[in-house]
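One structure below.
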Amino acid sequence: MGFPLHPLAHGIVSEPSLRDNERNPHEFPTFSSKSLTKPISTLLYLPPLLSSLPYGLPALPTPTGRPPLITETRLPDIDPVSLSLHKALHHFHPLADDYARLPYARAFNWSELELPEDEEREWYAVVFRSKRRLGSDSGSLYDADKKAHEEAISNGGLIMYWYGIPNPQTGMNLATCIWQSRKHAIAANSRLHHIRAMKLAAVSYDVYTLERYRLSKVKGENGIIVEDFDGVECGW
């Protein structure tokens, strides 16, 4: 449930020497179909892409060291505990360069994400593991995915979308979405732009697998528990 990952097919995690036409690799990139299909520099760092909060809610303070990207499209609503998760996800990042092959619970810094002790809730997470097909059209897939992403936010429920860059040796990549509920994710599947993006994804990847997880925050604890989704509804 969700939508396909951004096709960052050309990024390589390495530290380049800066020339006149190269971007500082520690600065945040601006993504477009042109920059993805004909990149002028390598990418070192991809922050989480958090859905912008509903109108009327003040913007949350962002960390200075690793600030997230925030969408222009806004969520229609968000509950108080999901707002706490949204705040914690400002610090979300992978723990190793080979995150695409690691189990979801070990690939990211879940143990560092803390919510208020008295809060309790569950959320629904989807993971996409993929390998792009050689010669597939990155531009069309990126544009379709961008529209599907905006569509999912405006229809509600999508808290965060994080996407990586392909492993330079294996070509494998990982992306993940975190939803307020599984019902929100299922609803997104039936939307026009999501359907188009999935059709393009079907012919653009040699490997494309989905994994589903339950994220839990229990009262009396601060951390987030990551478990395989067992078919029982989660979130609301």
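Following the order of the structure tokens, chains are lettered A, B, ..., residues in each are numbered from 1, and ligands are numbered from 1.
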
Closest-contact table, region 110-188 of chain A side, partner region 58-75 of chain A, 10 Å, counting only C-alpha atoms, as a Markdown table:
```
| residue | atom | partner | partner_atom | distance |
| --- | --- | --- | --- | --- |
| A:His149 | CA | A:Thr73 | CA | 9.2 |
| A:Glu150 | CA | A:Thr73 | CA | 6.1 |
| A:Glu151 | CA | A:Thr73 | CA | 8.6 |
| A:Ala152 | CA | A:Leu75 | CA | 8.9 |
| A:Ile153 | CA | A:Leu75 | CA | 5.4 |
| A:Ser154 | CA | A:Leu75 | CA | 5.5 |
| A:Asn155 | CA | A:Leu75 | CA | 7.4 |
| A:Gly156 | CA | A:Leu75 | CA | 5.5 |
| A:Gly157 | CA | A:Leu75 | CA | 7.3 |
| A:Leu158 | CA | A:Leu75 | CA | 7.7 |
| A:Ile159 | CA | A:Leu75 | CA | 8.3 |
| A:Met160 | CA | A:Ile70 | CA | 9.3 |
| A:Tyr161 | CA | A:Leu69 | CA | 10.0 |
| A:Trp162 | CA | A:Leu69 | CA | 9.9 |
```

Would you save the residues from that selection as a compact mmCIF listing (two decimals), in the first residue's frame, using N, CA, C and O atoms?
```txt
# COMPACT_ATOMS: atom_id res chain seq x y z
N HIS A 149 2.51 11.33 -4.74
CA HIS A 149 2.89 11.75 -3.39
C HIS A 149 2.03 12.92 -2.94
O HIS A 149 1.46 12.91 -1.83
N GLU A 150 1.90 13.95 -3.76
CA GLU A 150 1.09 15.11 -3.41
C GLU A 150 -0.38 14.72 -3.22
O GLU A 150 -1.05 15.21 -2.31
N GLU A 151 -0.84 13.82 -4.06
CA GLU A 151 -2.22 13.33 -3.96
C GLU A 151 -2.46 12.62 -2.64
O GLU A 151 -3.49 12.82 -1.97
N ALA A 152 -1.49 11.79 -2.21
CA ALA A 152 -1.62 11.05 -0.96
C ALA A 152 -1.64 11.98 0.24
O ALA A 152 -2.40 11.77 1.19
N ILE A 153 -0.82 13.04 0.21
CA ILE A 153 -0.81 13.98 1.33
C ILE A 153 -2.14 14.72 1.43
O ILE A 153 -2.74 14.82 2.50
N SER A 154 -2.61 15.24 0.31
CA SER A 154 -3.83 16.05 0.33
C SER A 154 -5.05 15.22 0.72
O SER A 154 -6.01 15.76 1.27
N ASN A 155 -5.01 13.91 0.46
CA ASN A 155 -6.12 13.05 0.84
C ASN A 155 -6.01 12.54 2.28
O ASN A 155 -6.94 11.94 2.79
N GLY A 156 -4.87 12.79 2.92
CA GLY A 156 -4.74 12.52 4.35
C GLY A 156 -4.02 11.24 4.70
O GLY A 156 -4.07 10.25 3.98
N GLY A 157 -3.32 11.29 5.85
CA GLY A 157 -2.76 10.09 6.44
C GLY A 157 -1.28 9.87 6.27
O GLY A 157 -0.66 9.17 7.07
N LEU A 158 -0.66 10.43 5.23
CA LEU A 158 0.75 10.18 4.97
C LEU A 158 1.61 11.11 5.83
O LEU A 158 1.60 12.33 5.65
N ILE A 159 2.36 10.54 6.76
CA ILE A 159 3.18 11.34 7.66
C ILE A 159 4.56 11.62 7.07
O ILE A 159 5.05 12.74 7.09
N MET A 160 5.19 10.58 6.52
CA MET A 160 6.56 10.73 6.01
C MET A 160 6.80 9.80 4.85
O MET A 160 6.26 8.69 4.78
N TYR A 161 7.61 10.27 3.93
CA TYR A 161 8.10 9.47 2.80
C TYR A 161 9.62 9.62 2.79
O TYR A 161 10.14 10.74 2.68
N TRP A 162 10.34 8.53 2.92
CA TRP A 162 11.80 8.56 2.87
C TRP A 162 12.25 7.67 1.72
O TRP A 162 11.77 6.55 1.55
```

Margin query: Please list as a PyMOL selection string every residue within 12 Å of region 179-184 of chain A, counting only C-alpha atoms and excluding residues in the same chain fewer than 4 positions away.
Written below: chain A and resi 1-3+50-51+75+77-86+121-127+151-161+188-191+212-216+229-236

Write out as JSON lines the residues of region 131-204 of chain A that have any atom within 9 Å of an atom of region 90-114 of chain A, one row each with the nearest atom pair and its distance in Å to one decimal, counting only C-alpha atoms, sorted by chain and then rising number.
```
{"residue": "A:Trp162", "atom": "CA", "partner": "A:His93", "partner_atom": "CA", "distance": 8.7}
{"residue": "A:Gly164", "atom": "CA", "partner": "A:Ala100", "partner_atom": "CA", "distance": 8.2}
{"residue": "A:Pro166", "atom": "CA", "partner": "A:Ala100", "partner_atom": "CA", "distance": 8.1}
{"residue": "A:Asn167", "atom": "CA", "partner": "A:Asp98", "partner_atom": "CA", "distance": 6.9}
{"residue": "A:Met172", "atom": "CA", "partner": "A:Ala100", "partner_atom": "CA", "distance": 6.2}
{"residue": "A:Asn173", "atom": "CA", "partner": "A:Ala100", "partner_atom": "CA", "distance": 5.2}
{"residue": "A:Leu174", "atom": "CA", "partner": "A:Ala100", "partner_atom": "CA", "distance": 4.9}
{"residue": "A:Ala175", "atom": "CA", "partner": "A:Ala100", "partner_atom": "CA", "distance": 8.4}
```

Preceding selection exported with N, CA and C atoms as an mmCIF file, in the first residue's frame:
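Result written to result37.cif:
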```cif
data_model
loop_
_atom_site.group_PDB
_atom_site.id
_atom_site.type_symbol
_atom_site.label_atom_id
_atom_site.label_comp_id
_atom_site.auth_asym_id
_atom_site.auth_seq_id
_atom_site.Cartn_x
_atom_site.Cartn_y
_atom_site.Cartn_z
ATOM 1 N N TRP A 162 10.338 8.527 2.925
ATOM 2 C CA TRP A 162 11.798 8.562 2.869
ATOM 3 C C TRP A 162 12.253 7.669 1.715
ATOM 4 N N GLY A 164 15.835 6.401 -0.613
ATOM 5 C CA GLY A 164 17.285 6.369 -0.658
ATOM 6 C C GLY A 164 17.829 6.490 -2.066
ATOM 7 N N PRO A 166 20.267 4.196 -4.993
ATOM 8 C CA PRO A 166 20.664 2.814 -5.238
ATOM 9 C C PRO A 166 22.074 2.507 -4.740
ATOM 10 N N ASN A 167 22.253 1.311 -4.228
ATOM 11 C CA ASN A 167 23.572 0.854 -3.841
ATOM 12 C C ASN A 167 24.462 0.807 -5.088
ATOM 13 N N MET A 172 20.434 -2.055 -5.669
ATOM 14 C CA MET A 172 19.229 -2.148 -4.847
ATOM 15 C C MET A 172 18.986 -0.831 -4.095
ATOM 16 N N ASN A 173 17.712 -0.538 -3.907
ATOM 17 C CA ASN A 173 17.308 0.690 -3.234
ATOM 18 C C ASN A 173 16.193 0.381 -2.250
ATOM 19 N N LEU A 174 15.922 1.323 -1.361
ATOM 20 C CA LEU A 174 14.851 1.177 -0.380
ATOM 21 C C LEU A 174 14.169 2.521 -0.199
ATOM 22 N N ALA A 175 12.850 2.470 -0.076
ATOM 23 C CA ALA A 175 12.063 3.643 0.271
ATOM 24 C C ALA A 175 11.003 3.203 1.270
#
```

Notebook entry, point to check: So which bits of region 12-194 of chain A end up strand (DSSP E) when you DSSP the backbone, as number ranges by chain?
Noted result: A: 49-52, 69-74, 121-132, 158-163, 172-179

Selection to disk with C-alpha atoms, as an mmCIF file, in the first residue's frame:
```cif
data_model
loop_
_atom_site.group_PDB
_atom_site.id
_atom_site.type_symbol
_atom_site.label_atom_id
_atom_site.label_comp_id
_atom_site.auth_asym_id
_atom_site.auth_seq_id
_atom_site.Cartn_x
_atom_site.Cartn_y
_atom_site.Cartn_z
ATOM 1 C CA LEU A 49 10.440 14.092 3.390
ATOM 2 C CA LEU A 50 7.768 15.027 5.943
ATOM 3 C CA SER A 51 4.223 15.988 5.015
ATOM 4 C CA SER A 52 3.495 19.615 5.790
ATOM 5 C CA LEU A 69 12.504 18.360 3.789
ATOM 6 C CA ILE A 70 8.909 19.559 4.137
ATOM 7 C CA THR A 71 6.317 19.240 1.361
ATOM 8 C CA GLU A 72 4.394 22.187 -0.053
ATOM 9 C CA THR A 73 1.176 20.138 0.013
ATOM 10 C CA ARG A 74 -0.428 20.039 3.469
ATOM 11 C CA ARG A 121 -0.696 4.693 19.303
ATOM 12 C CA GLU A 122 0.025 2.490 16.288
ATOM 13 C CA TRP A 123 0.918 3.427 12.706
ATOM 14 C CA TYR A 124 1.266 1.587 9.407
ATOM 15 C CA ALA A 125 4.547 1.510 7.455
ATOM 16 C CA VAL A 126 5.316 0.279 3.947
ATOM 17 C CA VAL A 127 8.784 -0.524 2.607
ATOM 18 C CA PHE A 128 9.705 -0.691 -1.082
ATOM 19 C CA ARG A 129 12.851 -2.583 -2.058
ATOM 20 C CA SER A 130 13.724 -2.166 -5.706
ATOM 21 C CA LYS A 131 16.231 -2.329 -8.521
ATOM 22 C CA ARG A 132 15.695 -0.186 -11.585
ATOM 23 C CA LEU A 158 0.750 10.181 4.974
ATOM 24 C CA ILE A 159 3.185 11.339 7.664
ATOM 25 C CA MET A 160 6.556 10.729 6.014
ATOM 26 C CA TYR A 161 8.104 9.474 2.798
ATOM 27 C CA TRP A 162 11.798 8.562 2.869
ATOM 28 C CA TYR A 163 13.681 7.359 -0.207
ATOM 29 C CA MET A 172 19.229 -2.148 -4.847
ATOM 30 C CA ASN A 173 17.308 0.690 -3.234
ATOM 31 C CA LEU A 174 14.851 1.177 -0.380
ATOM 32 C CA ALA A 175 12.063 3.643 0.271
ATOM 33 C CA THR A 176 9.482 3.788 3.046
ATOM 34 C CA CYS A 177 6.176 5.496 3.852
ATOM 35 C CA ILE A 178 4.667 5.955 7.303
ATOM 36 C CA TRP A 179 0.892 6.376 7.495
#
```

Margin query: So that I can check the secondary structure, give me every residue of region 44-215 of chain A assigned alpha helix (DSSP H) by backbone DSSP, as number ranges by chain.
Written below: A: 80-88, 104-107, 138-155, 182-189, 192-202
